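Heads up, my_file_38.txt below (compact mmCIF, C-alpha atoms):
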```txt
# COMPACT_ATOMS: atom_id res chain seq x y z
CA MET T 1 291.83 57.65 335.34
CA LYS T 2 294.86 55.60 334.25
CA SER T 3 296.61 56.11 337.57
CA GLN T 4 293.60 54.69 339.44
CA ILE T 5 293.04 51.56 337.36
CA ASP T 6 295.07 48.37 337.20
CA THR T 7 294.98 47.56 333.48
CA LYS T 8 296.00 43.94 334.14
CA GLU T 9 292.93 43.56 336.34
CA ILE T 10 290.78 45.04 333.57
CA ASP T 11 292.22 42.59 331.05
CA ALA T 12 291.44 39.74 333.43
CA LEU T 13 287.80 40.88 333.61
CA ASN T 14 287.28 40.88 329.86
CA ASN T 15 289.69 40.12 327.05
CA ARG T 16 287.18 40.98 324.33
CA TRP T 17 287.42 44.75 324.36
CA TYR T 18 286.54 46.63 321.19
CA ASN T 19 290.14 47.68 320.60
CA ASP T 20 288.82 51.00 319.31
CA ALA T 21 290.12 54.47 320.20
CA CYS T 22 286.63 56.02 319.93
CA GLY T 23 285.38 57.42 323.23
CA THR T 24 281.96 55.88 322.60
CA ALA T 25 283.54 52.43 322.33
CA LEU T 26 285.37 53.01 325.60
CA ALA T 27 282.16 54.17 327.27
CA LEU T 28 280.54 50.88 326.25
CA GLU T 29 283.36 49.02 327.98
CA PHE T 30 282.34 50.76 331.20
CA MET T 31 278.56 50.52 330.99
CA GLY T 32 277.62 48.38 328.00
CA GLU T 33 277.07 45.12 329.86
CA ARG T 34 273.48 44.19 330.68
CA TRP T 35 272.38 45.82 333.96
CA SER T 36 275.50 48.00 334.38
CA LEU T 37 273.88 51.25 333.26
CA LEU T 38 270.76 50.57 335.33
CA ILE T 39 272.90 49.96 338.41
CA MET T 40 274.53 53.33 337.79
CA ARG T 41 271.08 54.89 337.39
CA GLU T 42 269.94 53.54 340.74
CA LEU T 43 272.99 55.07 342.43
CA MET T 44 272.59 58.54 340.91
CA LEU T 45 270.71 59.88 343.94
CA GLY T 46 273.04 58.49 346.56
CA PRO T 47 274.45 55.27 348.00
CA ARG T 48 272.40 52.08 348.17
CA ARG T 49 272.71 48.74 349.90
CA PHE T 50 273.06 45.55 347.89
CA SER T 51 269.56 44.49 348.94
CA ASP T 52 268.11 47.85 347.84
CA LEU T 53 269.70 47.55 344.42
CA ARG T 54 268.46 44.02 343.93
CA ALA T 55 264.94 44.99 345.01
CA SER T 56 264.89 47.90 342.55
CA LEU T 57 266.20 45.93 339.57
CA SER T 58 263.52 43.36 338.92
CA GLY T 59 264.95 40.29 337.23
CA ILE T 60 268.60 40.61 338.24
CA SER T 61 270.10 37.73 340.19
CA ALA T 62 272.31 38.17 343.23
CA ASN T 63 275.20 36.61 341.32
CA ILE T 64 274.92 38.95 338.33
CA LEU T 65 274.51 41.99 340.57
CA THR T 66 277.65 41.01 342.47
CA MET T 67 279.59 40.59 339.23
CA ARG T 68 278.46 43.94 337.82
CA LEU T 69 279.22 45.79 341.05
CA GLU T 70 282.69 44.27 341.22
CA ARG T 71 283.39 45.19 337.60
CA LEU T 72 282.13 48.76 337.98
CA GLN T 73 284.25 49.13 341.11
CA THR T 74 287.34 47.85 339.28
CA LEU T 75 286.64 50.31 336.45
CA GLY T 76 286.51 53.22 338.89
CA VAL T 77 282.80 53.95 338.37
CA LEU T 78 281.71 53.17 341.94
CA HIS T 79 283.16 52.22 345.28
CA ARG T 80 282.02 50.35 348.36
CA ARG T 81 282.04 51.86 351.85
CA GLN T 82 280.73 51.29 355.34
CA LEU T 83 278.21 53.74 356.78
CA ALA T 84 279.00 55.05 360.24
CA PRO T 85 276.97 53.84 363.26
CA PRO T 86 274.15 53.55 364.01
CA ALA T 87 273.51 52.48 360.39
CA ASN T 88 276.74 50.46 360.22
CA VAL T 89 275.90 48.86 356.86
CA GLN T 90 277.84 48.46 353.64
CA VAL T 91 276.71 50.52 350.67
CA TYR T 92 277.71 51.10 347.07
CA GLU T 93 278.23 54.64 345.85
CA LEU T 94 279.25 56.23 342.57
CA THR T 95 282.61 57.94 342.42
CA GLU T 96 282.73 61.60 341.44
CA TRP T 97 283.51 60.43 337.91
CA GLY T 98 280.59 57.98 338.04
CA TYR T 99 278.13 60.74 338.95
CA GLN T 100 279.27 62.66 335.88
CA ALA T 101 277.56 60.04 333.69
CA GLU T 102 274.07 61.40 334.46
CA PRO T 103 273.93 63.57 331.28
CA ILE T 104 274.51 60.37 329.30
CA LEU T 105 271.44 58.80 330.92
CA GLN T 106 269.42 61.94 330.26
CA ALA T 107 270.37 62.09 326.59
CA MET T 108 269.65 58.39 326.09
CA GLY T 109 266.29 58.71 327.80
CA ARG T 110 265.19 61.74 325.77
CA TRP T 111 266.25 59.99 322.58
CA ALA T 112 264.64 56.61 323.33
CA VAL T 113 261.22 57.81 324.55
CA ARG T 114 260.57 59.22 321.06
CA SER T 115 260.30 55.65 319.77
CA PRO T 116 256.80 54.17 319.31
CA LEU T 117 258.15 51.17 321.23
CA HIS T 118 258.34 53.22 324.43
CA ASP T 119 255.78 51.82 326.88
CA ALA T 120 255.10 54.23 329.73
CA SER T 121 252.92 51.63 331.48
CA LEU T 122 255.92 49.44 332.38
CA PRO T 123 257.27 49.57 335.95
CA LEU T 124 259.52 52.47 336.90
CA THR T 125 261.77 52.63 339.94
CA PRO T 126 261.49 55.63 342.28
CA VAL T 127 265.01 56.78 341.37
CA SER T 128 264.23 56.51 337.66
CA ALA T 129 261.02 58.50 338.12
CA MET T 130 262.90 61.29 339.86
CA LEU T 131 265.80 61.35 337.41
CA SER T 132 263.32 61.57 334.55
CA LEU T 133 262.21 64.94 335.93
CA ARG T 134 265.68 66.37 335.47
CA ALA T 135 265.85 64.93 331.95
CA MET T 136 262.40 66.15 330.88
CA LEU T 137 262.38 69.60 332.49
CA ARG T 138 261.15 72.26 330.05
CA PRO T 139 264.15 74.54 329.40
CA ARG T 140 261.98 77.68 329.52
CA HIS T 141 259.48 76.80 332.22
CA ARG T 142 257.83 79.69 334.05
CA ALA T 143 257.21 78.10 337.44
CA PRO T 144 258.40 79.93 340.55
CA ALA T 145 261.12 78.49 342.75
CA MET T 146 259.69 75.74 344.93
CA ILE T 147 260.50 72.77 347.14
CA VAL T 148 258.55 69.63 346.30
CA GLY T 149 258.40 66.34 348.16
CA CYS T 150 257.80 63.02 346.39
CA ARG T 151 256.94 59.98 348.46
CA PHE T 152 256.81 56.54 346.83
CA GLY T 153 256.22 54.16 349.70
CA ARG T 154 259.49 53.91 351.64
CA ASP T 155 261.35 56.00 349.07
CA VAL T 156 261.16 59.73 349.78
CA PHE T 157 262.80 62.51 347.76
CA THR T 158 263.02 66.29 347.71
CA ALA T 159 263.07 68.28 344.46
CA ARG T 160 264.23 71.90 344.49
CA LEU T 161 263.09 73.70 341.38
CA SER T 162 264.67 76.98 340.31
CA GLU T 163 264.62 79.02 337.15
CA HIS T 164 267.68 77.20 335.82
CA ASP T 165 267.67 73.64 337.12
CA LEU T 166 266.18 70.94 339.31
CA GLN T 167 268.12 69.63 342.30
CA LEU T 168 267.19 66.19 343.64
CA GLU T 169 268.06 64.52 346.91
CA ARG T 170 266.90 61.67 349.07
CA GLY T 171 264.91 62.44 352.18
CA GLU T 172 262.05 64.68 353.20
CA HIS T 173 262.15 68.46 353.61
CA ASN T 174 260.01 69.82 356.44
CA ALA T 175 259.37 73.08 354.57
CA ALA T 176 258.20 71.60 351.27
CA ASP T 177 255.60 73.66 349.41
CA VAL T 178 253.80 70.51 348.33
CA VAL T 179 254.21 66.75 348.78
CA PHE T 180 253.05 64.08 346.33
CA ASP T 181 252.34 60.73 348.01
CA THR T 182 251.74 58.20 345.25
CA ASP T 183 253.26 55.33 343.26
CA THR T 184 255.61 55.72 340.33
CA THR T 185 253.09 54.60 337.69
CA SER T 186 250.54 57.17 338.85
CA PHE T 187 253.26 59.81 339.10
CA VAL T 188 254.21 59.21 335.47
CA GLN T 189 250.57 59.46 334.43
CA LEU T 190 250.29 62.74 336.30
CA VAL T 191 253.50 64.35 335.03
CA TYR T 192 253.76 63.01 331.49
CA GLY T 193 250.34 61.59 330.71
CA LYS T 194 248.78 64.76 332.16
CA LYS T 195 246.17 62.77 334.06
CA SER T 196 244.46 65.12 336.47
CA MET T 197 245.21 65.23 340.18
CA ASP T 198 241.47 65.09 340.82
CA ASP T 199 241.17 61.77 338.98
CA LEU T 200 244.13 60.21 340.76
CA GLU T 201 242.85 61.38 344.13
CA ALA T 202 239.39 59.99 343.35
CA GLU T 203 241.01 56.63 342.54
CA LYS T 204 242.98 56.87 345.83
CA LEU T 205 246.25 56.74 343.87
CA LEU T 206 247.46 60.16 345.03
CA THR T 207 247.50 62.09 348.29
CA LEU T 208 248.50 65.72 348.00
CA ALA T 209 249.69 67.84 350.92
CA GLY T 210 250.27 71.55 350.41
CA SER T 211 249.45 74.02 347.66
CA ARG T 212 247.50 72.59 344.72
CA ALA T 213 248.48 75.59 342.60
CA ILE T 214 252.17 74.90 343.20
CA ALA T 215 251.62 71.21 342.56
CA GLN T 216 250.07 71.97 339.19
CA ALA T 217 252.81 74.48 338.33
CA PHE T 218 255.38 71.79 339.10
CA VAL T 219 253.68 69.15 336.94
CA ASP T 220 253.43 71.61 334.05
CA CYS T 221 257.23 72.00 333.99
CA PHE T 222 257.80 68.62 332.35
CA GLU T 223 257.06 67.04 329.01
CA LEU T 224 258.25 64.10 326.94
CA PRO T 225 259.95 64.82 323.60
CA THR T 226 257.80 64.46 320.52
CA GLY T 227 258.04 61.47 318.18
CA ARG T 228 260.69 60.68 315.61
CA LYS T 229 261.03 62.72 312.43
```
Could you take the file, read its structure, and then write that structure out as structure tokens?
Amino acid sequence: MKSQIDTKEIDALNNRWYNDACGTALALEFMGERWSLLIMRELMLGPRRFSDLRASLSGISANILTMRLERLQTLGVLHRRQLAPPANVQVYELTEWGYQAEPILQAMGRWAVRSPLHDASLPLTPVSAMLSLRAMLRPRHRAPAMIVGCRFGRDVFTARLSEHDLQLERGEHNAADVVFDTDTTSFVQLVYGKKSMDDLEAEKLLTLAGSRAIAQAFVDCFELPTGRK
């Protein structure tokens, strides 16, 4: 990393570093500022436009988002690039090193949801909902391999479940075993609150396409950690 970072530029960004050799302290220099870690979260499933990031992060101003993106780029966590035509738009994308921070997000999430202060009724972005699946996957689930689609309005994802892991990607797979068409709040209620598919369908909060048995097997693969001890 040292060869890729101008330390003078880092010093110009912030002269109040912890001055601590601990790796945890250094990690906080990279992602400890308000919004920085959430920006990284929103990029974990692929590049996003500035407007997409701002729309996902309710409460962030354009100025603060610009500042955080510039800092994370200087630190080597993400980079900016131009998509090829016909898209021809500028996007932000995590570097290979930036993507390697996902286990940090997973560990933090599993730790924090055990608090009684965790409020599952608060808004959740589509990316956060999908990443939570990878964090909360039962290590010894018995579901068969499957391809699952998740559609949250304009945001569409494909989850590939195997015996060992869960692969996530943006976009729809035309051979999905089942597709959930819902909103993130209802999805959380279904997966973690164990609200029934029948109830959500009756309330017109869920449309299911494909095998109901596979859908239920998928939902049963996830659980939140139990409370603090």
> For Met136 of chain T, which residue among T:Arg151, T:Arg80, T:Arg110, T:Arg228 is the nearest when counting only C-alpha atoms?
Replying inline: T:Arg110
> Near Lys194 of chain T, counting all atoms listed in the file, which residues have an atom at most 12 Å away, once you skip same-chain residues fewer than 5 positions from it, shown as number ranges by chain?
Replying inline: T: 186-189, 199-200, 216, 218-224
Which residues come within 7 Å of segment 89-91 of chain T, counting all atoms listed in the file, excluding same-chain residues fewer than 5 positions away, as a compact mmCIF listing (two decimals) with C-alpha atoms, keeping the file's coordinate frame?
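As written to disk, around-v2.txt reads:
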```txt
# COMPACT_ATOMS: atom_id res chain seq x y z
CA PRO T 47 274.45 55.27 348.00
CA ARG T 48 272.40 52.08 348.17
CA ARG T 49 272.71 48.74 349.90
CA PHE T 50 273.06 45.55 347.89
CA ARG T 80 282.02 50.35 348.36
CA ARG T 81 282.04 51.86 351.85
CA GLN T 82 280.73 51.29 355.34
CA LEU T 83 278.21 53.74 356.78
```
> When distances are computed from only C-alpha atoms, which of T:Ala21, T:Val179, T:Leu168, T:Ala217 shows the smallest separation from His141 of chain T?
Replying inline: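 Closest residue, counting only C-alpha atoms: T:Ala217.
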Axis-aligned box over every listed atom of segment 181-195 of chain T, padded by 3 Å per side: centre and edges in Å to one decimal, as AutoDock Vina command-line options?
```
--center_x 250.9 --center_y 59.7 --center_z 339.4 --size_x 15.4 --size_y 16.2 --size_z 23.3
```
>> Ranking T:Thr24, T:Thr74, T:Ser61, T:Ser128 by minimum distance to Leu38 of chain T and counting all atoms listed in the file, which one comes first?
In response: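 Of the candidates, the smallest distance to Leu38 of chain T is held by T:Ser128.
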>> Under the rule that only C-alpha atoms are counted, which of T:Trp17, T:Ser196, T:Val178, T:Gly227 is the nearest residue to Arg212 of chain T?
In response: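 Selected residue with least distance to Arg212 of chain T: T:Val178.
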>> Between atom CA of Met31 of chain T and atom CA of Leu72 of chain T, what is the distance in Å, rounded to a tenth?
In response: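 So the two atoms, atom CA of Met31 of chain T and atom CA of Leu72 of chain T, lie 8.0 Å apart.
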>> Counting only C-alpha atoms, which residue out of T:Asp181, T:Tyr92, T:Gly193, T:Pro123 sits closest to Ser58 of chain T?
In response: T:Pro123
>> Would you compute the distance between atom CA of Gln167 of chain T and atom CA of Leu205 of chain T? Give it in Å to one decimal.
In response: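 It comes out at 25.4 Å.
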>> As an exercise, work out the distance from atom CA of Phe180 of chain T to atom CA of Ala202 of chain T in Å and give it to one decimal place.
In response: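 For atom CA of Phe180 of chain T relative to atom CA of Ala202 of chain T, the distance reads 14.6 Å.
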> Pick the closest to Thr182 of chain T from T:Ala129, T:Ile214, T:Leu78, T:Leu105: which is it, counting all atoms listed in the file?
Replying inline: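 Counting all atoms listed in the file, the residue closest to Thr182 of chain T is T:Ala129.
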Please write as a compact mmCIF listing (two decimals) with C-alpha atoms, in the coordinates of the input the list of polymer residues whose atoms come within 9 Å of (272.1, 42.1, 349.5), counting only C-alpha atoms and keeping to the coordinates of the file.
```
# COMPACT_ATOMS: atom_id res chain seq x y z
CA ARG T 49 272.71 48.74 349.90
CA PHE T 50 273.06 45.55 347.89
CA SER T 51 269.56 44.49 348.94
CA ASP T 52 268.11 47.85 347.84
CA LEU T 53 269.70 47.55 344.42
CA ARG T 54 268.46 44.02 343.93
CA ALA T 55 264.94 44.99 345.01
CA ALA T 62 272.31 38.17 343.23
```
